>>> print(open('target02.csv').read())   # CSV, C-alpha atoms (C1' of nucleotides)
chain,number,residue,atom,x,y,z
A,1,MET,CA,-47.8,109.7,-41.2
A,2,SER,CA,-48.3,108.8,-44.9
A,3,LYS,CA,-45.3,107.1,-46.5
A,4,SER,CA,-45.1,107.1,-50.2
A,5,LEU,CA,-46.9,104.5,-52.3
A,6,PRO,CA,-46.7,101.1,-50.6
A,7,LEU,CA,-49.8,100.5,-48.5
A,8,THR,CA,-49.8,98.6,-45.3
A,9,PRO,CA,-52.0,95.5,-45.1
A,10,VAL,CA,-54.6,97.3,-43.0
A,11,GLN,CA,-54.7,100.2,-45.5
A,12,THR,CA,-55.0,97.8,-48.4
A,13,VAL,CA,-57.9,96.0,-46.7
A,14,ALA,CA,-59.7,99.2,-46.0
A,15,CYS,CA,-59.7,100.4,-49.6
A,16,CYS,CA,-60.1,97.4,-51.9
A,17,SER,CA,-63.3,95.8,-53.1
A,18,PRO,CA,-64.6,92.5,-51.8
A,19,LEU,CA,-62.8,89.2,-52.6
A,20,VAL,CA,-65.7,87.9,-54.6
A,21,ALA,CA,-66.6,91.1,-56.5
A,22,SER,CA,-63.6,91.2,-58.8
A,23,ALA,CA,-60.4,89.3,-59.2
A,24,LEU,CA,-57.6,90.3,-56.8
A,25,THR,CA,-54.3,91.3,-58.2
A,26,GLU,CA,-51.2,89.4,-57.2
A,27,GLU,CA,-50.0,92.5,-55.4
A,28,THR,CA,-53.2,93.1,-53.4
A,29,ALA,CA,-53.4,89.4,-52.4
A,30,GLU,CA,-49.8,89.6,-51.1
A,31,ARG,CA,-50.6,92.5,-49.0
A,32,ILE,CA,-53.8,91.1,-47.5
A,33,ALA,CA,-52.5,87.6,-46.8
A,34,PRO,CA,-50.3,88.7,-43.8
A,35,LEU,CA,-53.4,90.1,-42.1
A,36,LEU,CA,-55.2,86.8,-42.5
A,37,LYS,CA,-52.2,84.8,-41.4
A,38,ALA,CA,-52.1,86.9,-38.2
A,39,ILE,CA,-55.6,85.6,-37.2
A,40,ALA,CA,-55.2,82.2,-38.7
A,41,ASP,CA,-53.9,80.7,-35.5
A,42,PRO,CA,-56.0,79.4,-32.6
A,43,VAL,CA,-54.0,81.1,-29.9
A,44,ARG,CA,-54.1,84.5,-31.7
A,45,LEU,CA,-57.8,84.1,-32.4
A,46,ARG,CA,-58.4,83.6,-28.7
A,47,LEU,CA,-56.1,86.5,-27.8
A,48,LEU,CA,-58.0,88.8,-30.1
A,49,SER,CA,-61.3,87.6,-28.7
A,50,LEU,CA,-60.1,87.9,-25.1
A,51,VAL,CA,-58.9,91.4,-25.6
A,52,ALA,CA,-62.1,92.5,-27.3
A,53,ALA,CA,-64.3,90.9,-24.8
A,54,HIS,CA,-62.4,92.3,-21.8
A,55,ASP,CA,-63.7,95.2,-19.7
A,56,GLY,CA,-63.2,98.5,-21.5
A,57,GLY,CA,-62.1,96.7,-24.6
A,58,GLU,CA,-58.6,96.3,-23.5
A,59,ALA,CA,-56.6,93.8,-21.6
A,60,CYS,CA,-53.3,93.6,-19.8
A,61,VAL,CA,-50.7,91.1,-20.9
A,62,CYS,CA,-50.7,89.7,-17.4
A,63,ASP,CA,-54.4,88.8,-17.7
A,64,LEU,CA,-53.8,87.1,-21.1
A,65,ASN,CA,-50.8,85.0,-19.9
A,66,ASP,CA,-53.0,83.3,-17.4
A,67,ALA,CA,-55.6,82.3,-19.9
A,68,PHE,CA,-53.2,79.9,-21.7
A,69,ASP,CA,-51.0,77.0,-21.0
A,70,LEU,CA,-48.2,78.6,-22.9
A,71,SER,CA,-45.0,80.3,-21.8
A,72,GLN,CA,-44.9,84.0,-21.3
A,73,PRO,CA,-42.5,84.5,-24.3
A,74,THR,CA,-44.9,82.6,-26.6
A,75,ILE,CA,-47.8,84.9,-25.7
A,76,SER,CA,-45.6,87.9,-26.1
A,77,HIS,CA,-44.7,86.6,-29.5
A,78,HIS,CA,-48.3,86.2,-30.6
A,79,LEU,CA,-49.2,89.6,-29.3
A,80,LYS,CA,-46.4,91.1,-31.3
A,81,VAL,CA,-47.7,89.4,-34.5
A,82,LEU,CA,-51.1,90.8,-34.0
A,83,HIS,CA,-49.8,94.2,-33.2
A,84,GLU,CA,-47.5,94.3,-36.2
A,85,ALA,CA,-50.4,93.2,-38.4
A,86,GLY,CA,-52.2,96.3,-37.2
A,87,LEU,CA,-55.0,94.3,-35.4
A,88,LEU,CA,-54.0,95.2,-31.8
A,89,ASP,CA,-53.0,98.6,-30.5
A,90,ARG,CA,-50.5,98.8,-27.6
A,91,SER,CA,-50.2,101.1,-24.8
A,92,LYS,CA,-47.8,101.0,-21.9
A,93,ARG,CA,-49.0,102.2,-18.5
A,94,GLY,CA,-46.5,101.9,-15.7
A,95,VAL,CA,-45.2,98.4,-15.6
A,96,TRP,CA,-48.1,97.0,-17.6
A,97,VAL,CA,-48.8,96.8,-21.3
A,98,TYR,CA,-52.4,96.9,-22.5
A,99,TYR,CA,-53.7,95.8,-25.8
A,100,ARG,CA,-56.8,96.9,-27.5
A,101,VAL,CA,-58.5,95.6,-30.7
A,102,HIS,CA,-58.2,97.9,-33.7
A,103,GLN,CA,-61.8,97.4,-34.6
A,104,GLU,CA,-61.8,99.2,-37.9
A,105,ALA,CA,-59.2,96.8,-39.3
A,106,LEU,CA,-61.3,93.9,-38.3
A,107,THR,CA,-64.4,95.4,-39.8
A,108,ASP,CA,-62.7,96.2,-43.1
A,109,LEU,CA,-61.3,92.7,-43.2
A,110,ALA,CA,-64.7,91.2,-42.7
A,111,ALA,CA,-66.1,93.4,-45.5
A,112,LEU,CA,-63.4,92.2,-47.8
A,113,ILE,CA,-64.1,88.5,-47.1
A,114,GLY,CA,-67.9,88.6,-47.0
A,115,GLY,CA,-68.5,91.6,-49.1
A,116,GLY,CA,-70.6,89.7,-51.6
A,117,ARG,CA,-73.5,89.9,-49.0
B,1,MET,CA,-75.7,65.0,-43.3
B,2,SER,CA,-75.3,65.5,-39.6
B,3,LYS,CA,-72.6,63.6,-38.0
B,4,SER,CA,-72.6,63.3,-34.2
B,5,LEU,CA,-71.1,66.0,-32.1
B,6,PRO,CA,-67.9,67.3,-33.7
B,7,LEU,CA,-68.7,70.3,-35.9
B,8,THR,CA,-66.8,71.1,-39.1
B,9,PRO,CA,-65.0,74.4,-39.3
B,10,VAL,CA,-67.7,75.8,-41.6
B,11,GLN,CA,-70.5,74.7,-39.2
B,12,THR,CA,-68.6,76.2,-36.3
B,13,VAL,CA,-68.3,79.5,-38.1
B,14,ALA,CA,-71.9,79.5,-39.0
B,15,CYS,CA,-73.2,79.2,-35.5
B,16,CYS,CA,-70.9,81.0,-33.1
B,17,SER,CA,-71.0,84.5,-32.0
B,18,PRO,CA,-68.6,87.2,-33.3
B,19,LEU,CA,-64.9,87.1,-32.3
B,20,VAL,CA,-65.2,90.4,-30.4
B,21,ALA,CA,-68.5,89.7,-28.7
B,22,SER,CA,-67.4,87.1,-26.2
B,23,ALA,CA,-64.3,85.1,-25.6
B,24,LEU,CA,-63.8,82.2,-27.8
B,25,THR,CA,-63.2,78.8,-26.2
B,26,GLU,CA,-60.1,77.0,-27.0
B,27,GLU,CA,-62.1,74.3,-28.8
B,28,THR,CA,-63.9,76.8,-31.0
B,29,ALA,CA,-60.7,78.6,-31.9
B,30,GLU,CA,-59.1,75.4,-33.0
B,31,ARG,CA,-62.0,74.7,-35.3
B,32,ILE,CA,-62.1,78.1,-36.8
B,33,ALA,CA,-58.4,78.5,-37.4
B,34,PRO,CA,-58.1,76.0,-40.2
B,35,LEU,CA,-60.7,78.0,-42.2
B,36,LEU,CA,-58.7,81.2,-41.8
B,37,LYS,CA,-55.4,79.3,-42.6
B,38,ALA,CA,-57.1,78.2,-45.8
B,39,ILE,CA,-57.5,81.8,-47.0
B,40,ALA,CA,-54.3,83.2,-45.4
B,41,ASP,CA,-52.2,82.6,-48.5
B,42,PRO,CA,-51.9,85.0,-51.4
B,43,VAL,CA,-52.3,82.3,-54.0
B,44,ARG,CA,-55.4,80.9,-52.4
B,45,LEU,CA,-56.9,84.3,-51.9
B,46,ARG,CA,-56.5,84.9,-55.6
B,47,LEU,CA,-57.9,81.5,-56.5
B,48,LEU,CA,-61.0,82.2,-54.4
B,49,SER,CA,-61.3,85.6,-56.0
B,50,LEU,CA,-60.8,84.3,-59.5
B,51,VAL,CA,-63.4,81.6,-59.1
B,52,ALA,CA,-65.9,84.0,-57.6
B,53,ALA,CA,-65.4,86.7,-60.2
B,54,HIS,CA,-65.6,84.2,-63.1
B,55,ASP,CA,-68.6,83.8,-65.4
B,56,GLY,CA,-71.4,81.9,-63.7
B,57,GLY,CA,-69.5,82.0,-60.4
B,58,GLU,CA,-67.5,78.9,-61.3
B,59,ALA,CA,-64.2,78.3,-63.0
B,60,CYS,CA,-62.4,75.3,-64.6
B,61,VAL,CA,-59.0,74.3,-63.2
B,62,CYS,CA,-57.6,74.8,-66.7
B,63,ASP,CA,-58.5,78.5,-66.5
B,64,LEU,CA,-57.0,78.9,-63.1
B,65,ASN,CA,-53.7,77.2,-63.9
B,66,ASP,CA,-53.0,79.8,-66.6
B,67,ALA,CA,-53.5,82.7,-64.2
B,68,PHE,CA,-50.4,81.8,-62.2
B,69,ASP,CA,-46.7,81.2,-62.6
B,70,LEU,CA,-47.0,78.1,-60.6
B,71,SER,CA,-46.9,74.4,-61.5
B,72,GLN,CA,-50.2,72.5,-62.1
B,73,PRO,CA,-49.7,70.3,-59.0
B,74,THR,CA,-49.2,73.4,-56.8
B,75,ILE,CA,-52.5,74.9,-58.0
B,76,SER,CA,-54.2,71.6,-57.6
B,77,HIS,CA,-52.9,71.5,-54.0
B,78,HIS,CA,-54.2,74.9,-53.1
B,79,LEU,CA,-57.6,74.1,-54.6
B,80,LYS,CA,-57.7,71.0,-52.5
B,81,VAL,CA,-57.0,73.0,-49.4
B,82,LEU,CA,-59.8,75.4,-50.2
B,83,HIS,CA,-62.1,72.6,-51.0
B,84,GLU,CA,-61.4,70.6,-47.8
B,85,ALA,CA,-61.9,73.7,-45.8
B,86,GLY,CA,-65.4,73.9,-47.3
B,87,LEU,CA,-64.8,77.2,-49.1
B,88,LEU,CA,-64.9,75.8,-52.6
B,89,ASP,CA,-67.3,73.3,-54.1
B,90,ARG,CA,-66.2,70.8,-56.7
B,91,SER,CA,-67.9,69.4,-59.7
B,92,LYS,CA,-66.5,67.2,-62.4
B,93,ARG,CA,-67.9,67.5,-65.9
B,94,GLY,CA,-66.3,65.3,-68.5
B,95,VAL,CA,-62.6,65.8,-68.3
B,96,TRP,CA,-62.9,69.1,-66.6
B,97,VAL,CA,-63.2,70.0,-62.9
B,98,TYR,CA,-65.1,73.1,-61.9
B,99,TYR,CA,-64.9,75.0,-58.7
B,100,ARG,CA,-67.4,77.3,-57.2
B,101,VAL,CA,-67.3,79.5,-54.1
B,102,HIS,CA,-69.3,78.3,-51.1
B,103,GLN,CA,-70.6,81.8,-50.5
B,104,GLU,CA,-72.4,81.0,-47.3
B,105,ALA,CA,-69.2,79.9,-45.6
B,106,LEU,CA,-67.5,83.1,-46.6
B,107,THR,CA,-70.3,85.2,-45.4
B,108,ASP,CA,-70.4,83.5,-42.1
B,109,LEU,CA,-66.7,83.8,-41.7
B,110,ALA,CA,-67.0,87.5,-42.3
B,111,ALA,CA,-69.7,87.9,-39.7
B,112,LEU,CA,-67.5,86.1,-37.2
B,113,ILE,CA,-64.6,88.4,-37.8
B,114,GLY,CA,-66.3,91.7,-38.1
B,115,GLY,CA,-69.4,90.9,-36.2
B,116,GLY,CA,-68.9,93.7,-33.7
B,117,ARG,CA,-70.1,96.2,-36.4
C,1,DG,C1',-28.9,102.5,-6.7
C,2,DG,C1',-30.5,97.9,-5.8
C,3,DT,C1',-34.2,94.7,-6.1
C,4,DA,C1',-38.5,92.6,-7.8
C,5,DG,C1',-41.9,92.1,-11.1
C,6,DA,C1',-43.8,92.8,-16.0
C,7,DT,C1',-42.8,92.3,-20.6
C,8,DA,C1',-39.7,91.7,-24.7
C,9,DT,C1',-35.9,89.7,-27.2
C,10,DT,C1',-32.8,85.9,-28.5
C,11,DG,C1',-31.4,81.4,-30.0
C,12,DA,C1',-32.5,76.7,-30.6
C,13,DT,C1',-35.6,73.0,-32.0
C,14,DG,C1',-39.3,70.4,-34.0
C,15,DT,C1',-43.3,70.9,-37.0
C,16,DT,C1',-46.0,72.7,-40.7
C,17,DT,C1',-46.3,74.5,-45.2
C,18,DG,C1',-45.4,75.9,-50.2
C,19,DT,C1',-43.3,74.3,-54.1
C,20,DC,C1',-41.7,71.2,-57.6
C,21,DG,C1',-40.8,67.0,-60.7
C,22,DA,C1',-42.4,62.5,-61.4
C,23,DT,C1',-46.1,59.6,-61.7
C,24,DG,C1',-50.9,58.0,-61.3
C,25,DT,C1',-55.8,58.1,-62.6
C,26,DC,C1',-59.5,59.3,-65.1
C,27,DT,C1',-62.1,60.4,-69.6
C,28,DA,C1',-63.0,61.0,-74.5
C,29,DG,C1',-61.7,59.9,-79.2
C,30,DG,C1',-59.5,57.4,-82.6
D,1,DC,C1',-57.2,49.2,-76.5
D,2,DC,C1',-54.3,52.9,-77.0
D,3,DT,C1',-53.3,57.5,-76.9
D,4,DA,C1',-53.7,62.4,-75.4
D,5,DG,C1',-55.1,65.6,-72.3
D,6,DA,C1',-57.0,67.2,-67.6
D,7,DC,C1',-56.4,66.8,-63.0
D,8,DA,C1',-54.7,64.5,-58.6
D,9,DT,C1',-51.4,62.2,-55.7
D,10,DC,C1',-46.7,61.3,-54.0
D,11,DG,C1',-42.0,62.2,-52.2
D,12,DA,C1',-38.6,65.4,-51.4
D,13,DC,C1',-36.8,69.8,-50.1
D,14,DA,C1',-36.4,74.5,-48.3
D,15,DA,C1',-38.5,78.2,-46.0
D,16,DA,C1',-41.6,79.7,-42.4
D,17,DC,C1',-43.6,79.1,-37.9
D,18,DA,C1',-44.8,77.9,-32.9
D,19,DT,C1',-42.7,77.0,-28.9
D,20,DC,C1',-39.5,77.1,-25.1
D,21,DA,C1',-35.6,78.3,-21.7
D,22,DA,C1',-32.5,81.8,-21.0
D,23,DT,C1',-31.6,86.4,-20.9
D,24,DA,C1',-32.4,91.3,-21.4
D,25,DT,C1',-34.9,95.6,-20.6
D,26,DC,C1',-37.8,98.4,-18.4
D,27,DT,C1',-40.3,100.6,-14.2
D,28,DA,C1',-41.7,101.3,-9.6
D,29,DC,C1',-40.6,101.1,-5.1
D,30,DC,C1',-37.6,100.6,-0.9
>>> encode(input="target02.csv", output="structure tokens")
Amino acid sequence: MSKSLPLTPVQTVACCSPLVASALTEETAERIAPLLKAIADPVRLRLLSLVAAHDGGEACVCDLNDAFDLSQPTISHHLKVLHEAGLLDRSKRGVWVYYRVHQEALTDLAALIGGGR
Amino acid sequence: MSKSLPLTPVQTVACCSPLVASALTEETAERIAPLLKAIADPVRLRLLSLVAAHDGGEACVCDLNDAFDLSQPTISHHLKVLHEAGLLDRSKRGVWVYYRVHQEALTDLAALIGGGR
DNA sequence: GGTAGATATTGATGTTTGTCGATGTCTAGG
DNA sequence: CCTAGACATCGACAAACATCAATATCTACC
């Protein structure tokens, strides 16, 4: 992997010091915000939580669809947002698609927010 | 304090188990999301960070305005969002208004997100 | 290879959000 | 009181977003 300079949101979160420790640069803030936006939605929060709490730490889309009163495309959309943010990993097995929480990204994000102690 | 049943976002975050430990209820997710929405914006992230990193842990609005290429009403709006979410405390002294990070809320929020370890 | 089921993509629509200029409300001094 | 400065509120607008119905793309199986 390893592109050139521009870090992904997840990479940025992993390497920068806590929010409250020193002032964020504009650039850093702009890279982190998308990650937070991704989880700043009740449906996506529940999706993340459902996936994480599921057996084996992963869940099939078909399981997730049933947990909501929303259309299948809407759930698919939210999963895509979480996946593209780097918070959910995808793996296709047969006809089914399984999602799994990218725990490290969540942990790093938490450290960034609460890092002050 | 202590209203009746309905918890504020900050109270909800303080008392519920981590995202990845057990599936969030719809109600809990709806109460937490506003908190995350509040910090899911690059300007508000920097505001939070600037306030926290400032001398004495608090900053005057006048200082904050100068740190951005945005109009004064816009900064005032973002501060209001952070304040209403319970992430910034306000105190007026003379003509000036000072904001201070509500550290506990941030810490609890971090625990909620990264709680899995 | 045709069909059924699982998931993704597309296009449209209503709502939310970030931003600004204009204006309002305080407070301290003159 | 009247003015100047600090901050908040209001109204308007454009961009971003959540949602859906319709449709497309896979994959397994018959």
>>> atom_distance(input="target02.csv", atom1="C1' of DA12 (chain D)", atom2="C1' of DT16 (chain C)")
14.9 Å
>>> interface_residues(input="target02.csv", of="chain C", to="chain B", cutoff="10 Å", atoms="only C-alpha atoms (C1' of nucleotides)", output="PyMOL selection string")
chain C and resi 18-21+26-28
>>> write_last_selection(input="target02.csv", atoms="C-alpha atoms (C1' of nucleotides)", output="PDB file, in the coordinates of the input")
ATOM      1  C1'  DG C  18     -45.400  75.900 -50.200  1.00  0.00           C
ATOM      2  C1'  DT C  19     -43.300  74.300 -54.100  1.00  0.00           C
ATOM      3  C1'  DC C  20     -41.700  71.200 -57.600  1.00  0.00           C
ATOM      4  C1'  DG C  21     -40.800  67.000 -60.700  1.00  0.00           C
ATOM      5  C1'  DC C  26     -59.500  59.300 -65.100  1.00  0.00           C
ATOM      6  C1'  DT C  27     -62.100  60.400 -69.600  1.00  0.00           C
ATOM      7  C1'  DA C  28     -63.000  61.000 -74.500  1.00  0.00           C
TER       8       DA C  28
END
>>> residues_near_point(input="target02.csv", point="(-41.1, 74.4, -44.5)", cutoff="6 Å", atoms="all atoms listed in the file", output="compact mmCIF listing (two decimals) with C-alpha atoms (C1' of nucleotides), in the frame of the given file")
# COMPACT_ATOMS: atom_id res chain seq x y z
C1' DT C 17 -46.30 74.50 -45.20
C1' DA D 15 -38.50 78.20 -46.00
C1' DA D 16 -41.60 79.70 -42.40
>>> closest_atom_pairs(input="target02.csv", of="chain D", to="chain B", cutoff="9 Å", atoms="all atoms listed in the file", output="JSON lines")
{"residue": "D:DG5", "atom": "C1'", "partner": "B:Val95", "partner_atom": "CA", "distance": 8.5}
{"residue": "D:DA6", "atom": "C1'", "partner": "B:Val95", "partner_atom": "CA", "distance": 5.8}
{"residue": "D:DC7", "atom": "C1'", "partner": "B:Val97", "partner_atom": "CA", "distance": 7.5}
{"residue": "D:DA8", "atom": "C1'", "partner": "B:Ser76", "partner_atom": "CA", "distance": 7.2}
{"residue": "D:DT9", "atom": "C1'", "partner": "B:Pro73", "partner_atom": "CA", "distance": 8.9}
>>> closest_atom_pairs(input="target02.csv", of="chain B", to="chain A", cutoff="6 Å", atoms="only C-alpha atoms", output="JSON lines")
{"residue": "B:Leu19", "atom": "CA", "partner": "A:Ser49", "partner_atom": "CA", "distance": 5.1}
{"residue": "B:Val20", "atom": "CA", "partner": "A:Ala52", "partner_atom": "CA", "distance": 4.9}
{"residue": "B:Ala21", "atom": "CA", "partner": "A:Ala53", "partner_atom": "CA", "distance": 5.9}
{"residue": "B:Ser22", "atom": "CA", "partner": "A:Ala53", "partner_atom": "CA", "distance": 5.1}
{"residue": "B:Ala23", "atom": "CA", "partner": "A:Ser49", "partner_atom": "CA", "distance": 5.0}
{"residue": "B:Leu24", "atom": "CA", "partner": "A:Arg46", "partner_atom": "CA", "distance": 5.7}
{"residue": "B:Ala29", "atom": "CA", "partner": "A:Pro42", "partner_atom": "CA", "distance": 4.8}
{"residue": "B:Glu30", "atom": "CA", "partner": "A:Pro42", "partner_atom": "CA", "distance": 5.1}
{"residue": "B:Ala33", "atom": "CA", "partner": "A:Ala40", "partner_atom": "CA", "distance": 5.1}
{"residue": "B:Leu36", "atom": "CA", "partner": "A:Ala40", "partner_atom": "CA", "distance": 4.8}
{"residue": "B:Lys37", "atom": "CA", "partner": "A:Ala40", "partner_atom": "CA", "distance": 4.9}
{"residue": "B:Ala40", "atom": "CA", "partner": "A:Leu36", "partner_atom": "CA", "distance": 4.7}
{"residue": "B:Asp41", "atom": "CA", "partner": "A:Ala33", "partner_atom": "CA", "distance": 5.3}
{"residue": "B:Pro42", "atom": "CA", "partner": "A:Ala29", "partner_atom": "CA", "distance": 4.8}
{"residue": "B:Arg46", "atom": "CA", "partner": "A:Leu24", "partner_atom": "CA", "distance": 5.6}
{"residue": "B:Ser49", "atom": "CA", "partner": "A:Ala23", "partner_atom": "CA", "distance": 5.0}
{"residue": "B:Leu50", "atom": "CA", "partner": "A:Ala23", "partner_atom": "CA", "distance": 5.0}
{"residue": "B:Ala52", "atom": "CA", "partner": "A:Val20", "partner_atom": "CA", "distance": 4.9}
{"residue": "B:Ala53", "atom": "CA", "partner": "A:Ser22", "partner_atom": "CA", "distance": 5.0}
{"residue": "B:Leu106", "atom": "CA", "partner": "A:Gly114", "partner_atom": "CA", "distance": 5.5}
{"residue": "B:Thr107", "atom": "CA", "partner": "A:Gly114", "partner_atom": "CA", "distance": 4.5}
{"residue": "B:Ala110", "atom": "CA", "partner": "A:Ala110", "partner_atom": "CA", "distance": 4.4}
{"residue": "B:Ile113", "atom": "CA", "partner": "A:Ala110", "partner_atom": "CA", "distance": 5.6}
{"residue": "B:Gly114", "atom": "CA", "partner": "A:Thr107", "partner_atom": "CA", "distance": 4.5}
>>> calpha_fit_and_write(input="target02.csv", fixed="chain B", moving="chain A", output="short mmCIF file (atom, residue, chain, number, x, y, z; two decimals) with C-alpha atoms, keeping the file's coordinate frame")
data_model
loop_
_atom_site.label_atom_id
_atom_site.label_comp_id
_atom_site.auth_asym_id
_atom_site.auth_seq_id
_atom_site.Cartn_x
_atom_site.Cartn_y
_atom_site.Cartn_z
CA MET A 1 -75.49 63.98 -43.44
CA SER A 2 -75.15 64.99 -39.75
CA LYS A 3 -72.36 63.18 -37.90
CA SER A 4 -72.50 63.14 -34.20
CA LEU A 5 -71.15 66.02 -32.12
CA PRO A 6 -67.94 67.34 -33.68
CA LEU A 7 -68.70 70.29 -35.95
CA THR A 8 -66.82 71.04 -39.07
CA PRO A 9 -65.06 74.41 -39.30
CA VAL A 10 -67.72 75.80 -41.62
CA GLN A 11 -70.49 74.65 -39.24
CA THR A 12 -68.68 76.14 -36.28
CA VAL A 13 -68.31 79.47 -38.10
CA ALA A 14 -71.93 79.56 -39.03
CA CYS A 15 -73.22 79.15 -35.48
CA CYS A 16 -70.88 80.98 -33.10
CA SER A 17 -71.00 84.60 -32.05
CA PRO A 18 -68.59 87.23 -33.31
CA LEU A 19 -64.89 87.18 -32.27
CA VAL A 20 -65.19 90.43 -30.41
CA ALA A 21 -68.56 89.83 -28.69
CA SER A 22 -67.42 87.21 -26.21
CA ALA A 23 -64.29 85.27 -25.54
CA LEU A 24 -63.74 82.23 -27.79
CA THR A 25 -63.20 78.90 -26.23
CA GLU A 26 -60.04 76.99 -26.96
CA GLU A 27 -62.12 74.42 -28.79
CA THR A 28 -64.00 76.91 -31.01
CA ALA A 29 -60.75 78.75 -31.88
CA GLU A 30 -59.20 75.41 -32.96
CA ARG A 31 -62.00 74.70 -35.21
CA ILE A 32 -62.14 78.13 -36.86
CA ALA A 33 -58.39 78.56 -37.34
CA PRO A 34 -58.17 75.98 -40.24
CA LEU A 35 -60.73 78.02 -42.18
CA LEU A 36 -58.66 81.15 -41.77
CA LYS A 37 -55.44 79.37 -42.61
CA ALA A 38 -57.06 78.19 -45.87
CA ILE A 39 -57.45 81.85 -47.04
CA ALA A 40 -54.34 83.12 -45.40
CA ASP A 41 -52.22 82.54 -48.45
CA PRO A 42 -51.85 84.88 -51.43
CA VAL A 43 -52.27 82.22 -54.05
CA ARG A 44 -55.44 80.81 -52.39
CA LEU A 45 -56.83 84.30 -51.91
CA ARG A 46 -56.43 84.92 -55.62
CA LEU A 47 -57.89 81.51 -56.48
CA LEU A 48 -60.94 82.22 -54.39
CA SER A 49 -61.31 85.65 -55.95
CA LEU A 50 -60.80 84.30 -59.48
CA VAL A 51 -63.38 81.65 -59.03
CA ALA A 52 -65.93 84.04 -57.58
CA ALA A 53 -65.37 86.63 -60.16
CA HIS A 54 -65.55 84.18 -63.08
CA ASP A 55 -68.59 83.92 -65.36
CA GLY A 56 -71.40 82.02 -63.66
CA GLY A 57 -69.49 82.00 -60.43
CA GLU A 58 -67.46 79.04 -61.29
CA ALA A 59 -64.21 78.34 -62.96
CA CYS A 60 -62.41 75.44 -64.54
CA VAL A 61 -59.07 74.33 -63.19
CA CYS A 62 -57.61 74.84 -66.63
CA ASP A 63 -58.53 78.54 -66.53
CA LEU A 64 -56.96 78.93 -63.04
CA ASN A 65 -53.64 77.19 -63.97
CA ASP A 66 -52.99 79.83 -66.54
CA ALA A 67 -53.45 82.69 -64.17
CA PHE A 68 -50.33 81.74 -62.14
CA ASP A 69 -46.71 81.10 -62.59
CA LEU A 70 -46.96 77.95 -60.58
CA SER A 71 -46.94 74.29 -61.53
CA GLN A 72 -50.14 72.48 -62.16
CA PRO A 73 -49.67 70.24 -59.03
CA THR A 74 -49.23 73.33 -56.82
CA ILE A 75 -52.54 74.81 -57.99
CA SER A 76 -54.22 71.49 -57.56
CA HIS A 77 -52.86 71.42 -54.07
CA HIS A 78 -54.22 74.84 -53.18
CA LEU A 79 -57.57 74.02 -54.66
CA LYS A 80 -57.74 70.93 -52.54
CA VAL A 81 -57.03 72.99 -49.37
CA LEU A 82 -59.80 75.34 -50.14
CA HIS A 83 -62.17 72.59 -50.98
CA GLU A 84 -61.39 70.62 -47.84
CA ALA A 85 -61.88 73.79 -45.79
CA GLY A 86 -65.38 73.90 -47.22
CA LEU A 87 -64.77 77.24 -49.12
CA LEU A 88 -64.89 75.79 -52.68
CA ASP A 89 -67.37 73.29 -54.04
CA ARG A 90 -66.22 70.87 -56.78
CA SER A 91 -67.95 69.43 -59.64
CA LYS A 92 -66.58 67.23 -62.37
CA ARG A 93 -67.98 67.61 -65.88
CA GLY A 94 -66.40 65.42 -68.51
CA VAL A 95 -62.69 65.88 -68.39
CA TRP A 96 -62.90 69.17 -66.53
CA VAL A 97 -63.28 70.03 -62.88
CA TYR A 98 -65.09 73.23 -61.91
CA TYR A 99 -64.91 75.02 -58.67
CA ARG A 100 -67.42 77.32 -57.21
CA VAL A 101 -67.24 79.56 -54.08
CA HIS A 102 -69.33 78.35 -51.15
CA GLN A 103 -70.59 81.81 -50.46
CA GLU A 104 -72.39 81.11 -47.24
CA ALA A 105 -69.16 79.96 -45.59
CA LEU A 106 -67.49 83.12 -46.61
CA THR A 107 -70.33 85.24 -45.37
CA ASP A 108 -70.46 83.49 -42.00
CA LEU A 109 -66.73 83.87 -41.68
CA ALA A 110 -66.92 87.55 -42.34
CA ALA A 111 -69.69 87.89 -39.72
CA LEU A 112 -67.53 86.14 -37.21
CA ILE A 113 -64.53 88.44 -37.81
CA GLY A 114 -66.35 91.76 -38.16
CA GLY A 115 -69.42 90.99 -36.21
CA GLY A 116 -68.85 93.83 -33.78
CA ARG A 117 -70.19 96.20 -36.57
#
>>> closest_residue(input="target02.csv", among="D:DC10, D:DC17, D:DA22, D:DC2", to="DT10 (chain C)", atoms="only C-alpha atoms (C1' of nucleotides)")
D:DA22
>>> atom_distance(input="target02.csv", atom1="CA of Ala85 (chain B)", atom2="CA of Val10 (chain B)")
7.5 Å
>>> atom_distance(input="target02.csv", atom1="CA of His102 (chain A)", atom2="CA of Gly86 (chain A)")
7.1 Å
>>> build_atoms(input="target02.csv", residues="region 88-93 of chain B", atoms="N, CA and C atoms", output="CSV table (one decimal), in the frame of the given file")
chain,number,residue,atom,x,y,z
B,88,LEU,N,-64.7,76.0,-51.2
B,88,LEU,CA,-64.9,75.8,-52.6
B,88,LEU,C,-65.6,74.5,-52.9
B,89,ASP,N,-66.7,74.5,-53.7
B,89,ASP,CA,-67.3,73.3,-54.1
B,89,ASP,C,-66.8,72.8,-55.4
B,90,ARG,N,-66.7,71.5,-55.5
B,90,ARG,CA,-66.2,70.8,-56.7
B,90,ARG,C,-67.2,70.1,-57.5
B,91,SER,N,-67.1,70.2,-58.9
B,91,SER,CA,-67.9,69.4,-59.7
B,91,SER,C,-67.2,69.0,-60.9
B,92,LYS,N,-67.2,67.7,-61.2
B,92,LYS,CA,-66.5,67.2,-62.4
B,92,LYS,C,-67.5,67.1,-63.6
B,93,ARG,N,-67.1,67.6,-64.7
B,93,ARG,CA,-67.9,67.5,-65.9
B,93,ARG,C,-67.0,67.1,-67.0
